[in-house]
Each structure stands twice: as structure tokens, then as C-alpha cells.
file query-v3.txt (compact mmCIF, C-alpha atoms)
# COMPACT_ATOMS: atom_id res chain seq x y z
CA MET A 28 -35.13 15.19 -81.81
CA ASP A 29 -31.56 16.21 -82.73
CA ILE A 30 -29.29 18.13 -80.38
CA GLN A 31 -29.56 21.37 -82.36
CA THR A 32 -33.34 21.36 -82.14
CA GLU A 33 -33.12 20.66 -78.42
CA MET A 34 -30.61 23.51 -78.06
CA ASN A 35 -32.93 25.92 -79.88
CA GLN A 36 -35.76 24.95 -77.57
CA MET A 37 -33.57 25.46 -74.51
CA TYR A 38 -32.60 28.97 -75.64
CA GLY A 39 -36.28 29.63 -76.30
CA GLN A 40 -37.12 28.58 -72.74
CA LEU A 41 -34.51 31.11 -71.58
CA GLY A 42 -36.30 33.87 -73.47
CA ILE A 43 -34.19 34.09 -76.64
CA SER A 44 -36.20 34.45 -79.85
CA ALA A 45 -35.34 32.41 -82.93
CA GLN A 46 -34.26 35.56 -84.80
CA VAL A 47 -31.85 36.75 -82.10
CA LEU A 48 -30.46 33.22 -81.67
CA GLU A 49 -29.80 32.85 -85.39
CA TYR A 50 -28.15 36.25 -85.53
CA GLY A 51 -25.87 35.28 -82.68
CA ARG A 52 -24.94 32.01 -84.33
CA ARG A 53 -24.02 33.73 -87.58
CA VAL A 54 -21.81 36.16 -85.68
CA GLU A 55 -20.17 33.31 -83.76
CA GLU A 56 -19.31 31.49 -86.99
CA THR A 57 -17.08 34.39 -88.03
CA LEU A 58 -14.99 34.18 -84.83
CA LYS A 59 -13.47 30.70 -84.99
CA GLU A 60 -9.92 31.87 -85.69
CA ARG A 61 -10.08 34.51 -82.92
CA PHE A 62 -11.30 31.91 -80.46
CA GLU A 63 -8.54 29.48 -81.42
CA ALA A 64 -5.92 32.17 -80.75
CA ILE A 65 -7.45 32.82 -77.31
CA ASP A 66 -7.27 29.12 -76.52
CA ARG A 67 -3.57 29.05 -77.42
CA THR A 68 -2.85 31.90 -75.02
CA ALA A 69 -4.88 30.16 -72.32
CA GLU A 70 -2.88 26.97 -72.82
CA TYR A 71 0.41 28.84 -72.39
CA ASN A 72 -0.82 30.61 -69.27
CA GLN A 73 -2.18 27.36 -67.85
CA MET A 74 1.28 25.81 -68.14
CA LYS A 75 2.78 28.91 -66.50
CA VAL A 76 0.45 28.59 -63.50
CA ILE A 77 1.07 24.84 -63.15
CA LYS A 78 4.83 25.41 -63.27
CA GLY A 79 4.55 28.06 -60.56
CA MET A 80 2.65 25.65 -58.34
CA GLN A 81 5.02 22.76 -59.00
CA ASP A 82 8.14 24.87 -58.45
CA ASN A 83 6.80 25.87 -55.04
CA ARG A 84 5.80 22.28 -54.14
CA VAL A 85 2.14 23.00 -53.47
CA SER A 86 0.61 20.27 -51.30
CA ASP A 87 -2.74 19.69 -49.62
CA ILE A 88 -1.13 20.80 -46.37
CA HIS A 89 -1.23 24.32 -47.82
CA PHE A 90 -5.04 24.25 -47.79
CA ALA A 91 -5.24 24.13 -43.99
CA ALA A 92 -6.92 27.02 -42.16
CA THR A 93 -5.34 29.42 -39.71
CA THR A 94 -7.02 31.89 -37.38
CA GLY A 95 -6.12 34.76 -35.11
CA TYR A 96 -2.77 36.33 -35.91
CA GLY A 97 -2.01 33.80 -38.60
CA TYR A 98 1.60 33.27 -37.59
CA ASN A 99 3.45 30.64 -39.65
CA ASP A 100 0.60 30.24 -42.16
CA LEU A 101 2.38 27.92 -44.59
CA GLY A 102 -0.45 27.94 -47.11
CA ARG A 103 -0.60 31.73 -47.22
CA ASP A 104 3.16 32.11 -47.56
CA THR A 105 3.39 29.46 -50.29
CA LEU A 106 0.52 31.01 -52.21
CA GLU A 107 2.43 34.29 -52.21
CA ASP A 108 5.49 32.46 -53.51
CA VAL A 109 3.34 30.98 -56.29
CA TYR A 110 2.05 34.43 -57.27
CA ALA A 111 5.61 35.79 -57.29
CA SER A 112 6.66 32.90 -59.55
CA VAL A 113 3.72 33.14 -61.96
CA PHE A 114 3.96 36.93 -62.30
CA HIS A 115 7.78 37.00 -62.20
CA GLY A 116 8.13 39.27 -59.19
CA GLU A 117 10.52 39.18 -56.26
CA SER A 118 7.73 39.05 -53.70
CA ALA A 119 3.95 39.01 -53.37
CA LEU A 120 1.23 40.01 -50.94
CA VAL A 121 -1.92 37.92 -51.55
CA ARG A 122 -4.47 38.33 -48.77
CA PRO A 123 -8.19 38.06 -48.04
CA GLN A 124 -7.64 41.18 -45.92
CA LEU A 125 -7.26 43.10 -49.21
CA ILE A 126 -10.97 43.49 -49.77
CA SER A 127 -11.02 44.88 -53.31
CA GLY A 128 -8.88 46.15 -56.15
CA THR A 129 -9.34 49.70 -54.88
CA HIS A 130 -8.19 48.66 -51.40
CA ALA A 131 -5.14 46.85 -52.81
CA LEU A 132 -4.21 49.94 -54.84
CA HIS A 133 -4.66 52.17 -51.78
CA VAL A 134 -2.39 49.90 -49.73
CA ALA A 135 0.26 49.85 -52.46
CA LEU A 136 0.15 53.62 -52.92
CA SER A 137 0.00 54.67 -49.28
CA GLY A 138 2.66 52.14 -48.33
CA ASN A 139 5.13 53.55 -50.84
CA LEU A 140 4.38 57.29 -50.74
CA ARG A 141 5.33 59.76 -48.02
CA PRO A 142 4.32 63.38 -47.29
CA GLY A 143 5.76 65.66 -49.96
CA ASP A 144 6.05 62.90 -52.56
CA GLU A 145 4.34 63.29 -55.91
CA LEU A 146 2.13 60.70 -57.56
CA LEU A 147 1.96 60.94 -61.35
CA SER A 148 -0.59 59.33 -63.64
CA PRO A 149 0.66 59.52 -67.24
CA VAL A 150 -2.52 57.89 -68.55
CA GLY A 151 -5.09 60.50 -67.57
CA LYS A 152 -7.71 60.30 -64.84
CA PRO A 153 -7.79 57.04 -62.87
CA TYR A 154 -10.81 54.86 -62.19
CA ASP A 155 -13.60 56.63 -60.30
CA THR A 156 -13.08 54.94 -56.92
CA LEU A 157 -9.44 56.04 -56.87
CA GLU A 158 -10.39 59.71 -57.08
CA GLU A 159 -11.19 59.75 -53.36
CA VAL A 160 -8.20 57.54 -52.51
CA ILE A 161 -5.90 60.08 -54.16
CA GLY A 162 -7.84 63.19 -53.15
CA ILE A 163 -8.91 64.34 -56.61
CA ARG A 164 -12.29 64.44 -54.91
CA ASP A 165 -11.84 65.43 -51.28
CA SER A 166 -12.30 62.52 -48.91
CA VAL A 167 -11.34 61.66 -45.35
CA GLY A 168 -8.03 59.78 -45.27
CA SER A 169 -7.02 60.51 -48.86
CA LEU A 170 -3.40 60.68 -49.96
CA LYS A 171 -3.90 64.42 -50.37
CA GLU A 172 -4.68 64.73 -46.65
CA TYR A 173 -1.32 63.10 -45.92
CA GLY A 174 0.58 65.57 -48.06
CA VAL A 175 0.96 63.53 -51.26
CA VAL A 176 0.76 65.69 -54.38
CA TYR A 177 -1.03 64.37 -57.45
CA ARG A 178 -0.41 65.22 -61.07
CA GLN A 179 -1.73 63.69 -64.27
CA VAL A 180 -0.92 63.87 -67.95
CA ASP A 181 -3.90 63.24 -70.18
CA LEU A 182 -3.71 60.91 -73.13
CA LYS A 183 -3.65 62.31 -76.64
CA PRO A 184 -6.98 62.40 -78.50
CA ASP A 185 -6.08 59.13 -80.22
CA GLY A 186 -5.56 57.39 -76.87
CA THR A 187 -1.75 57.26 -77.02
CA PHE A 188 0.75 58.50 -74.44
CA ASP A 189 1.73 62.17 -74.51
CA TYR A 190 5.45 61.57 -74.07
CA ASP A 191 6.45 65.23 -74.33
CA ASN A 192 4.21 66.30 -71.47
CA ILE A 193 5.09 63.21 -69.44
CA ALA A 194 8.76 64.18 -69.67
CA ARG A 195 7.93 67.71 -68.52
CA ALA A 196 5.79 66.43 -65.63
CA ILE A 197 8.46 64.23 -64.04
CA ASN A 198 10.39 66.23 -61.44
CA GLU A 199 12.46 65.87 -58.28
CA ARG A 200 9.36 65.11 -56.18
CA THR A 201 7.94 62.43 -58.48
CA LYS A 202 8.10 59.24 -56.40
CA LEU A 203 5.59 56.89 -58.00
CA VAL A 204 4.04 56.61 -61.45
CA THR A 205 0.71 54.79 -61.60
CA ILE A 206 -0.40 53.21 -64.87
CA GLN A 207 -3.96 51.96 -65.20
CA ARG A 208 -3.93 49.15 -67.72
CA SER A 209 -7.67 48.90 -68.27
CA LYS A 210 -10.07 51.60 -69.39
CA GLY A 211 -12.23 52.00 -66.29
CA TYR A 212 -15.28 54.16 -67.02
CA ASP A 213 -13.58 55.72 -70.02
CA PRO A 214 -14.02 54.34 -73.55
CA ARG A 215 -10.31 54.60 -74.31
CA PRO A 216 -8.19 51.71 -75.55
CA THR A 217 -6.74 49.35 -72.95
CA PHE A 218 -2.96 49.31 -73.00
CA SER A 219 -1.07 46.23 -74.12
CA VAL A 220 1.78 44.88 -72.01
CA LYS A 221 4.13 46.00 -74.78
CA GLN A 222 2.82 49.59 -74.61
CA ILE A 223 3.12 49.59 -70.82
CA GLY A 224 6.71 48.38 -71.13
CA GLU A 225 7.55 51.20 -73.53
CA LEU A 226 6.04 53.77 -71.15
CA ILE A 227 7.93 52.36 -68.16
CA ALA A 228 11.21 52.39 -70.11
CA PHE A 229 10.60 56.03 -71.04
CA VAL A 230 9.89 57.02 -67.42
CA LYS A 231 12.89 55.10 -66.07
CA GLN A 232 15.18 56.74 -68.63
CA ILE A 233 14.22 60.14 -67.20
CA LYS A 234 14.21 59.10 -63.53
CA PRO A 235 15.50 55.54 -62.88
CA GLU A 236 14.58 55.48 -59.18
CA VAL A 237 10.88 56.24 -59.71
CA ILE A 238 8.49 53.42 -58.74
CA CYS A 239 6.28 52.28 -61.62
CA MET A 240 3.05 50.65 -60.45
CA VAL A 241 0.50 49.08 -62.80
CA ASP A 242 -3.17 48.67 -61.92
CA ASN A 243 -3.48 45.24 -63.54
CA CYS A 244 -7.21 44.75 -62.90
CA TYR A 245 -9.02 42.90 -65.69
CA GLY A 246 -5.77 42.22 -67.56
CA GLU A 247 -4.28 39.13 -65.91
CA PHE A 248 -3.74 36.18 -68.29
CA VAL A 249 -5.19 37.99 -71.31
CA GLU A 250 -1.69 38.00 -72.83
CA THR A 251 1.23 35.65 -72.30
CA MET A 252 3.17 38.42 -70.53
CA GLU A 253 2.35 40.60 -67.54
CA PRO A 254 3.59 44.15 -66.73
CA THR A 255 6.18 42.73 -64.31
CA ASP A 256 7.81 41.13 -67.35
CA VAL A 257 8.42 44.57 -68.87
CA GLY A 258 9.76 46.57 -65.95
CA ALA A 259 6.84 47.28 -63.59
CA ASP A 260 7.99 47.56 -59.97
CA MET A 261 4.53 46.57 -58.71
CA ILE A 262 1.36 45.15 -60.22
CA VAL A 263 -1.87 45.25 -58.26
CA GLY A 264 -5.20 43.51 -58.71
CA SER A 265 -8.27 41.89 -57.23
CA LEU A 266 -8.89 38.19 -56.63
CA ILE A 267 -12.58 38.52 -57.50
CA LYS A 268 -11.47 39.48 -60.98
CA ASN A 269 -9.26 37.43 -63.31
CA PRO A 270 -6.73 35.66 -61.05
CA GLY A 271 -9.34 34.34 -58.61
CA GLY A 272 -10.87 32.23 -61.37
CA GLY A 273 -14.36 32.77 -59.98
CA LEU A 274 -13.60 30.73 -56.86
CA ALA A 275 -11.87 33.32 -54.67
CA PRO A 276 -14.51 34.74 -52.31
CA ILE A 277 -12.46 37.86 -51.50
CA GLY A 278 -8.94 39.21 -51.74
CA GLY A 279 -6.35 41.19 -53.63
CA TYR A 280 -2.71 40.93 -54.60
CA ILE A 281 0.41 43.07 -54.92
CA VAL A 282 3.37 41.53 -56.75
CA GLY A 283 6.74 43.06 -57.56
CA ARG A 284 9.92 44.36 -56.01
CA LYS A 285 10.47 43.05 -52.50
CA ASP A 286 10.97 46.48 -50.92
CA CYS A 287 7.80 47.83 -52.51
CA VAL A 288 5.74 44.81 -51.45
CA ASP A 289 7.18 44.94 -47.91
CA ARG A 290 6.23 48.61 -47.53
CA ALA A 291 2.71 47.78 -48.69
CA SER A 292 2.48 44.94 -46.17
CA TYR A 293 3.38 47.33 -43.31
CA ARG A 294 0.50 49.55 -44.41
CA LEU A 295 -1.91 46.59 -44.61
CA SER A 296 -1.11 45.27 -41.11
CA ALA A 297 1.17 47.48 -39.01
CA PRO A 298 4.78 48.69 -38.91
CA GLY A 299 6.94 45.84 -37.62
CA LEU A 300 4.34 43.19 -38.50
CA GLY A 301 4.04 43.29 -42.29
CA LYS A 302 3.62 39.91 -44.00
CA GLU A 303 4.13 37.90 -40.81
CA VAL A 304 0.49 38.19 -39.76
CA GLY A 305 -2.88 37.74 -41.42
CA ALA A 306 -4.82 34.50 -41.06
CA SER A 307 -6.07 32.78 -44.22
CA LEU A 308 -9.33 31.73 -42.47
CA GLY A 309 -9.78 28.51 -44.42
CA ILE A 310 -10.02 29.90 -47.94
CA ASN A 311 -6.56 28.93 -49.20
CA GLN A 312 -7.85 26.04 -51.30
CA GLN A 313 -10.25 28.38 -53.14
CA LEU A 314 -7.42 30.83 -53.80
CA TYR A 315 -5.09 28.15 -55.14
CA GLN A 316 -7.77 26.45 -57.22
CA GLY A 317 -9.09 29.76 -58.53
CA LEU A 318 -5.61 30.72 -59.73
CA PHE A 319 -5.30 27.29 -61.36
CA LEU A 320 -8.57 27.77 -63.27
CA SER A 321 -7.95 31.42 -64.09
CA PRO A 322 -6.40 31.07 -67.59
CA THR A 323 -9.38 29.05 -68.82
CA VAL A 324 -11.92 31.32 -67.14
CA VAL A 325 -10.26 34.41 -68.63
CA ALA A 326 -10.37 32.76 -72.07
CA GLY A 327 -14.14 32.33 -71.77
CA ALA A 328 -14.58 35.94 -70.70
CA LEU A 329 -12.45 37.12 -73.63
CA LYS A 330 -14.57 35.17 -76.09
CA GLY A 331 -17.66 36.78 -74.60
CA ALA A 332 -16.16 40.26 -74.98
CA ILE A 333 -15.26 39.67 -78.63
CA PHE A 334 -18.69 38.20 -79.30
CA ALA A 335 -20.34 41.27 -77.72
CA ALA A 336 -18.25 43.64 -79.83
CA ASN A 337 -19.23 41.87 -83.04
CA VAL A 338 -22.90 41.57 -82.12
CA TYR A 339 -23.31 45.25 -81.30
CA GLU A 340 -20.95 46.81 -83.83
CA ARG A 341 -22.93 45.19 -86.65
CA LEU A 342 -26.04 46.86 -85.23
CA GLY A 343 -24.42 50.29 -85.52
CA PHE A 344 -23.27 50.88 -81.95
CA SER A 345 -19.79 52.20 -81.15
CA VAL A 346 -17.72 49.58 -79.34
CA VAL A 347 -14.27 49.73 -77.69
CA PRO A 348 -12.32 47.65 -78.57
CA ASN A 349 -13.91 47.27 -81.97
CA SER A 350 -14.82 43.92 -83.50
CA THR A 351 -11.34 43.23 -84.93
CA GLU A 352 -8.86 44.88 -82.54
CA SER A 353 -6.47 42.92 -80.35
CA ARG A 354 -7.50 42.42 -76.72
CA HIS A 355 -5.59 43.42 -73.59
CA ASP A 356 -8.29 43.08 -70.94
CA ILE A 357 -11.68 41.40 -70.58
CA ILE A 358 -13.79 44.58 -70.69
CA GLN A 359 -16.03 45.49 -73.60
CA ALA A 360 -17.41 49.03 -73.77
CA ILE A 361 -20.57 49.67 -75.79
CA THR A 362 -21.90 53.20 -76.32
CA PHE A 363 -25.69 53.35 -76.50
CA GLY A 364 -26.13 57.12 -76.29
CA THR A 365 -29.22 56.82 -74.08
CA PRO A 366 -29.89 55.76 -70.47
CA GLU A 367 -32.45 53.27 -71.79
CA GLY A 368 -29.75 51.43 -73.73
CA VAL A 369 -27.46 51.05 -70.71
CA ILE A 370 -30.33 50.02 -68.43
CA GLY A 371 -31.80 47.58 -70.94
CA PHE A 372 -28.43 45.93 -71.55
CA CYS A 373 -27.89 45.46 -67.81
CA LYS A 374 -31.40 44.05 -67.42
CA GLY A 375 -30.56 41.40 -70.01
CA ILE A 376 -27.27 40.46 -68.32
CA GLN A 377 -29.03 40.14 -64.96
CA ALA A 378 -31.77 37.99 -66.47
CA ALA A 379 -29.14 35.57 -67.78
CA ALA A 380 -27.56 35.07 -64.35
CA PRO A 381 -27.64 31.81 -62.35
CA VAL A 382 -28.16 33.86 -59.16
CA ASP A 383 -30.84 36.56 -58.73
CA SER A 384 -31.98 36.28 -62.34
CA TYR A 385 -35.43 37.49 -61.28
CA VAL A 386 -34.05 40.80 -59.95
CA THR A 387 -34.27 43.96 -62.05
CA PRO A 388 -31.17 46.18 -61.69
CA GLU A 389 -31.73 49.91 -61.29
CA PRO A 390 -29.36 52.93 -61.17
CA TRP A 391 -28.36 53.98 -57.65
CA ASP A 392 -26.03 56.33 -55.77
CA MET A 393 -23.09 54.00 -55.24
CA PRO A 394 -20.29 54.98 -52.81
CA GLY A 395 -17.15 56.20 -54.56
CA TYR A 396 -18.87 57.40 -57.75
CA ASP A 397 -19.93 60.89 -58.81
CA SER A 398 -23.08 59.82 -60.65
CA GLN A 399 -25.67 57.10 -60.40
CA VAL A 400 -24.38 53.69 -61.47
CA ILE A 401 -26.24 50.60 -62.63
CA MET A 402 -24.73 47.20 -62.00
CA ALA A 403 -25.88 43.79 -63.19
CA ALA A 404 -24.22 40.79 -61.57
CA GLY A 405 -26.09 37.68 -60.55
CA ALA A 406 -22.88 36.27 -59.14
CA PHE A 407 -21.86 33.58 -56.69
CA VAL A 408 -19.42 36.11 -55.17
CA GLN A 409 -20.81 39.59 -54.54
CA GLY A 410 -19.21 42.13 -56.89
CA SER A 411 -17.20 39.51 -58.77
CA SER A 412 -16.48 40.98 -62.18
CA ILE A 413 -14.88 37.83 -63.58
CA GLU A 414 -18.40 36.47 -63.37
CA LEU A 415 -20.90 37.65 -65.98
CA SER A 416 -21.50 41.30 -65.18
CA ALA A 417 -22.15 44.70 -66.65
CA ASP A 418 -22.19 48.19 -65.25
CA GLY A 419 -21.96 51.82 -66.19
CA PRO A 420 -22.55 55.36 -64.96
CA ILE A 421 -25.82 56.95 -65.95
CA LYS A 422 -24.28 59.96 -67.66
CA PRO A 423 -23.40 60.91 -71.26
CA PRO A 424 -22.34 59.34 -73.53
CA TYR A 425 -24.14 56.44 -71.79
CA VAL A 426 -21.63 53.66 -72.10
CA VAL A 427 -22.04 50.19 -70.62
CA TYR A 428 -19.04 48.10 -69.62
CA PHE A 429 -19.45 44.36 -69.99
CA GLN A 430 -17.06 41.77 -68.61
CA GLY A 431 -16.75 38.27 -67.30
CA GLY A 432 -18.44 34.94 -67.67
CA LEU A 433 -17.01 31.92 -65.90
CA THR A 434 -17.69 29.96 -69.08
CA TRP A 435 -17.95 31.07 -72.70
CA TYR A 436 -21.43 29.57 -72.93
CA HIS A 437 -22.72 31.71 -70.09
CA ALA A 438 -21.13 34.83 -71.59
CA LYS A 439 -22.80 34.00 -74.91
CA LEU A 440 -26.21 33.63 -73.24
CA GLY A 441 -25.75 36.95 -71.46
CA ILE A 442 -25.04 38.82 -74.69
CA LEU A 443 -27.99 37.22 -76.47
CA LYS A 444 -30.22 38.02 -73.52
CA SER A 445 -29.04 41.64 -73.50
CA LEU A 446 -29.87 41.98 -77.17
CA GLN A 447 -33.25 40.35 -76.66
CA GLU A 448 -34.03 42.83 -73.88
CA LEU A 449 -33.09 45.78 -76.08
CA VAL A 450 -35.25 44.42 -78.92
CA ASN A 451 -38.16 43.92 -76.53
CA ASP A 452 -37.74 47.46 -75.14
CA GLY A 453 -37.56 49.00 -78.60
CA VAL A 454 -34.01 50.31 -78.14
CA VAL A 455 -32.84 48.09 -81.00
CA LYS A 456 -35.39 48.82 -83.67
CA ASN A 457 -33.61 47.33 -86.66
CA LEU A 458 -34.78 43.76 -86.16
CA GLN A 459 -35.27 43.47 -89.90
CA GLU A 460 -31.59 44.26 -90.37
CA ILE A 461 -30.80 41.40 -88.01
CA LEU A 462 -32.91 39.10 -90.16
CA HIS A 463 -31.27 40.46 -93.32
CA PHE A 464 -27.83 39.79 -91.88
CA CYS A 465 -28.87 36.23 -90.96
CA ILE A 466 -30.11 35.53 -94.47
CA HIS A 467 -27.38 37.19 -96.54
CA SER A 468 -24.20 36.78 -94.50
call {"tool": "encode", "arguments": {"input": "query-v3.txt", "output": "C-alpha cells"}}
result
Amino acid sequence: MDIQTEMNQMYGQLGISAQVLEYGRRVEETLKERFEAIDRTAEYNQMKVIKGMQDNRVSDIHFAATTGYGYNDLGRDTLEDVYASVFHGESALVRPQLISGTHALHVALSGNLRPGDELLSPVGKPYDTLEEVIGIRDSVGSLKEYGVVYRQVDLKPDGTFDYDNIARAINERTKLVTIQRSKGYDPRPTFSVKQIGELIAFVKQIKPEVICMVDNCYGEFVETMEPTDVGADMIVGSLIKNPGGGLAPIGGYIVGRKDCVDRASYRLSAPGLGKEVGASLGINQQLYQGLFLSPTVVAGALKGAIFAANVYERLGFSVVPNSTESRHDIIQAITFGTPEGVIGFCKGIQAAAPVDSYVTPEPWDMPGYDSQVIMAAGAFVQGSSIELSADGPIKPPYVVYFQGGLTWYHAKLGILKSLQELVNDGVVKNLQEILHFCIHS
């Protein structure tokens, strides 16, 4: 028996029909040049990470655990130096005590804003969980409760920056401008590093002293540059997304200007303590090794996102980015138009997981969201969205957001399994069109 026949049988054992498998293979054949370009970016970023580790003389002594206060944690401090080197910032705060991307953003914002200051988002409404952090939706402990004013400028209908209204919005109270790189639960384009740099330059021309912070979640290592390379004063992200490489069990990072990072550290621990405390609790090796693997892991996730876009766009679904657009994060949005489409897709992703594959995801009232949300993630790390995962709010226009995959092959299986589930549920009814595409393409 040849390897291809054995492979077909293995996919069959995993629940993928011959028709869906052949369709996926035909789509994959059209993506060779895109995948080669992704691999070139990954190679560059891999060298960048290795150089950052070598320049900071990483040694196995840095993997040792500390407890309690964490004074003189050499591994923690060196890891922060590595992050500052890799992301070209003056300083970094990389801690397991930052429990999520939302928490890291809250620490960065509350550490650098004071009562009476104004926070401006020139890219429209932020991600759902930040609404309560800011006070867009009233919540105990929000920035609004501490006297921080919030203002936003919506994007133009075509997803570009509304520079005229941004210029009018910046005033004497504007202290910090927050730029969300990725789309969140909004099927808008993700911004490229180049676009972010142009926006920062525009803001700084109007008010040079304003702090420009970029929510970098889902964007790390997708391009060869990061927002700190184009003028961002701070970038913020989660270690259970891209830079953790699937190995980090928890954590977040803030990289940028030393004064900005220091102020965030005083908010994370306490005034007068800052970065001097915070035990690493024995997970330093996972954080170092996860960062080392991150460029390759991100490359696999990117291939999965592009594959998903091509698979579903050919079936008539709206996808953002579309099948040919350049990529600036690992997220793929697919609009199904019905709750059944979102739920069926997530069922397929869950069924492809190495962990909890037998579990059926259902919509639920998740903290921080204003509608029911369904999440599929059979992950080694709970909530890790660099691992194969999908989620979306159960509200019109019923969009699912797919991301992750520690390897390209797992991402591929997840997409095929999602399609198989939708075919089985009758959401995708044009199976004959799939067969026609397989025969005539």
C-alpha cells in the first residue's frame, strides 16, 4: 500500500469523506507560492529570535525557578531583555502574572493614564472584553470609574482610517492612543505594520508627546516587522497567542519605551516595586522555548488561515481576509449568515482537536461579552488561541473567527473537519459543486 493510500485511509478514520479530502487537496495545490512566502518570513523571524537570545547570552541557568517575591530572578530579567531585543523596544515586561491579553492591555492602559486623561481609539470600537476595561460598558474598576475619558473615531466604510476626524479628535487631554491591530469580533481588515506606522506618524505630527499603544495580539511574527519598528511606544500581547509558541502555559507581555513599561510594572505589582518582584515559578524554560518556536508555529497557523479562506470562499461564503489578500494576523473570519453555520464550524474544529475531541461546544454566556459566544478549542493550554481554535458571538451576521494550529497539518485537518461537519449538517448543500470543482479545476 502506498503512502497516499494510507493517508487517505487515515483521513477517513478521522471522519473526512473522500470528496471533502479531494476538494481540500485541490485547494492546497493552488497555494504553493503563498506557503513558500510564509516560510521565508518565518525563516527571517527565526533568525531574529535566535539573535535576540544569543545577544543576551541565554543559558540553562535562566531556566531555574524562583518563588515568593522573585527577587533577582535572572531568568525572568533576561527573558525580558530578549523580548526587548526581538521586538526592538527599550524595555519589556514579560510575566506569568499577566494572565491574558486583556489583562496586559488593562495594566498598560491603567499604568499610563491618570484621572482627567483621554484615551482615543482611532480604529473604532475595541475588542469586546476591553469595553468593560475602558468603561464603554459600565463595570466595577473600569478606567471610566477612575476619571479617564474615552473617545473613538470609527473607520471609514472601506476599513481605512478617517484621518480628518482623527485630527479633530486629538486635543489637549488626549494622553494615549490605542490601536488594535487585529479585527477582534469585527470582520474588518487587519492593519499591516506599514499602515500602523502611517497612523502613528500622523498622530505624532499633531501631538508628539501622545503615547501610541498597539494591541499586537495575533500579529506577532506574521510580518518581518513589528509596530515598535514603526514608532509604537508600547506593544502588548498574550503569551498563549503567537509569541508563546504553544508552550507558554500563561502570561502576557508589554514591550516599548522604558518609562511606559515601568509605569505598567508599577500597576502590575505595586508602586515602588515594579519589575523587581514577580517569581517565574519554574516556567521560564517554556517561555524561552515557546518564543524560539513561535515563528514556525505562526507560519503553520497562517497557512491554515489562508487554506480556510480559499476553501470557504470557493463555496460562496464571505471571508476576511479574502483568498488572495496579504495577511497581517493569524485570524480568518468567515461569515455564515446563520447560527447553524457558526455552531457547525466550531463543532468540526473541536472534533479535530487532540484534547477533548469528543466534546460538543455550545454557545454560552461568557464573562466580558454582550451576547452568547461559542468557543472550540481542544487545547493543551486552556484558552490558547495559537492552538487550533474557533469562536464567535451568536449574533448577526453570524461570523466565526478561526485561528491557530501548532502545525500546518493540524490546521488543515481542522478546516477539513469543519467542512465535513457543515456538509453532514446540511449547512453546505452544494456538495455537487465541490465534486465539480475537484473534477474540472
call {"tool": "closest_residue", "arguments": {"input": "query-v3.txt", "among": "A:Ser44, A:Thr351, A:Thr93, A:Ser412", "to": "A:Val450", "atoms": "only C-alpha atoms"}}
result
A:Ser44
call {"tool": "residues_around", "arguments": {"input": "query-v3.txt", "residues": "stretch 160-165 of chain A", "least_positions_apart": "4", "cutoff": "12 Å", "atoms": "only C-alpha atoms", "output": "number ranges by chain"}}
result
A: 128-137, 140, 145-148, 152-156, 169-179, 205, 395-397
call {"tool": "atom_distance", "arguments": {"input": "query-v3.txt", "atom1": "atom CA of A:Glu414", "atom2": "atom CA of A:Gly331"}}
result
11.3 Å
call {"tool": "residues_near_point", "arguments": {"input": "query-v3.txt", "point": "(-25.2, 46.7, -85.7)", "cutoff": "10 Å", "atoms": "all atoms listed in the file", "output": "number ranges by chain"}}
result
A: 336-345, 455, 457, 460-461, 464
call {"tool": "atom_distance", "arguments": {"input": "query-v3.txt", "atom1": "atom CA of A:Gly283", "atom2": "atom CA of A:Ser118"}}
result
5.7 Å
call {"tool": "closest_residue", "arguments": {"input": "query-v3.txt", "among": "A:Leu433, A:Ile413, A:Val369, A:Ala291", "to": "A:Leu120", "atoms": "only C-alpha atoms"}}
result
A:Ala291
call {"tool": "closest_residue", "arguments": {"input": "query-v3.txt", "among": "A:Leu41, A:Ala326, A:Leu182, A:Ala306", "to": "A:Tyr71", "atoms": "all atoms listed in the file"}}
result
A:Ala326
call {"tool": "atom_distance", "arguments": {"input": "query-v3.txt", "atom1": "atom CA of A:Gln377", "atom2": "atom CA of A:Ala403"}}
result
5.1 Å
call {"tool": "residues_around", "arguments": {"input": "query-v3.txt", "residues": "A:Lys221", "least_positions_apart": "6", "cutoff": "9 Å", "atoms": "all atoms listed in the file", "output": "list in words"}}
result
Met252, Pro254 and Val257 of chain A
call {"tool": "write_last_selection", "arguments": {"input": "query-v3.txt", "atoms": "C-alpha atoms", "output": "compact mmCIF listing (two decimals), in the coordinates of the input"}}
result
# COMPACT_ATOMS: atom_id res chain seq x y z
CA MET A 252 3.17 38.42 -70.53
CA PRO A 254 3.59 44.15 -66.73
CA VAL A 257 8.42 44.57 -68.87
call {"tool": "closest_residue", "arguments": {"input": "query-v3.txt", "among": "A:Trp435, A:Ala91, A:Asn198, A:Val346", "to": "A:Arg103", "atoms": "all atoms listed in the file"}}
result
A:Ala91
call {"tool": "closest_residue", "arguments": {"input": "query-v3.txt", "among": "A:Gln447, A:Pro420, A:Gly327, A:Lys456", "to": "A:Ser398", "atoms": "all atoms listed in the file"}}
result
A:Pro420
call {"tool": "residues_around", "arguments": {"input": "query-v3.txt", "residues": "A:Ala360", "least_positions_apart": "5", "cutoff": "8 Å", "atoms": "all atoms listed in the file", "output": "ChimeraX atom specification"}}
result
/A:214,346-348,426-429
call {"tool": "closest_residue", "arguments": {"input": "query-v3.txt", "among": "A:Gly143, A:Pro390, A:Gly116, A:Gly368", "to": "A:Glu253", "atoms": "all atoms listed in the file"}}
result
A:Gly116
call {"tool": "axis_aligned_box", "arguments": {"input": "query-v3.txt", "around": "stretch 281-285 of chain A", "padding_each_side": "8 Å", "output": "AutoDock Vina command-line options"}}
result
--center_x 5.4 --center_y 42.9 --center_z -55.0 --size_x 26.1 --size_y 18.8 --size_z 21.1
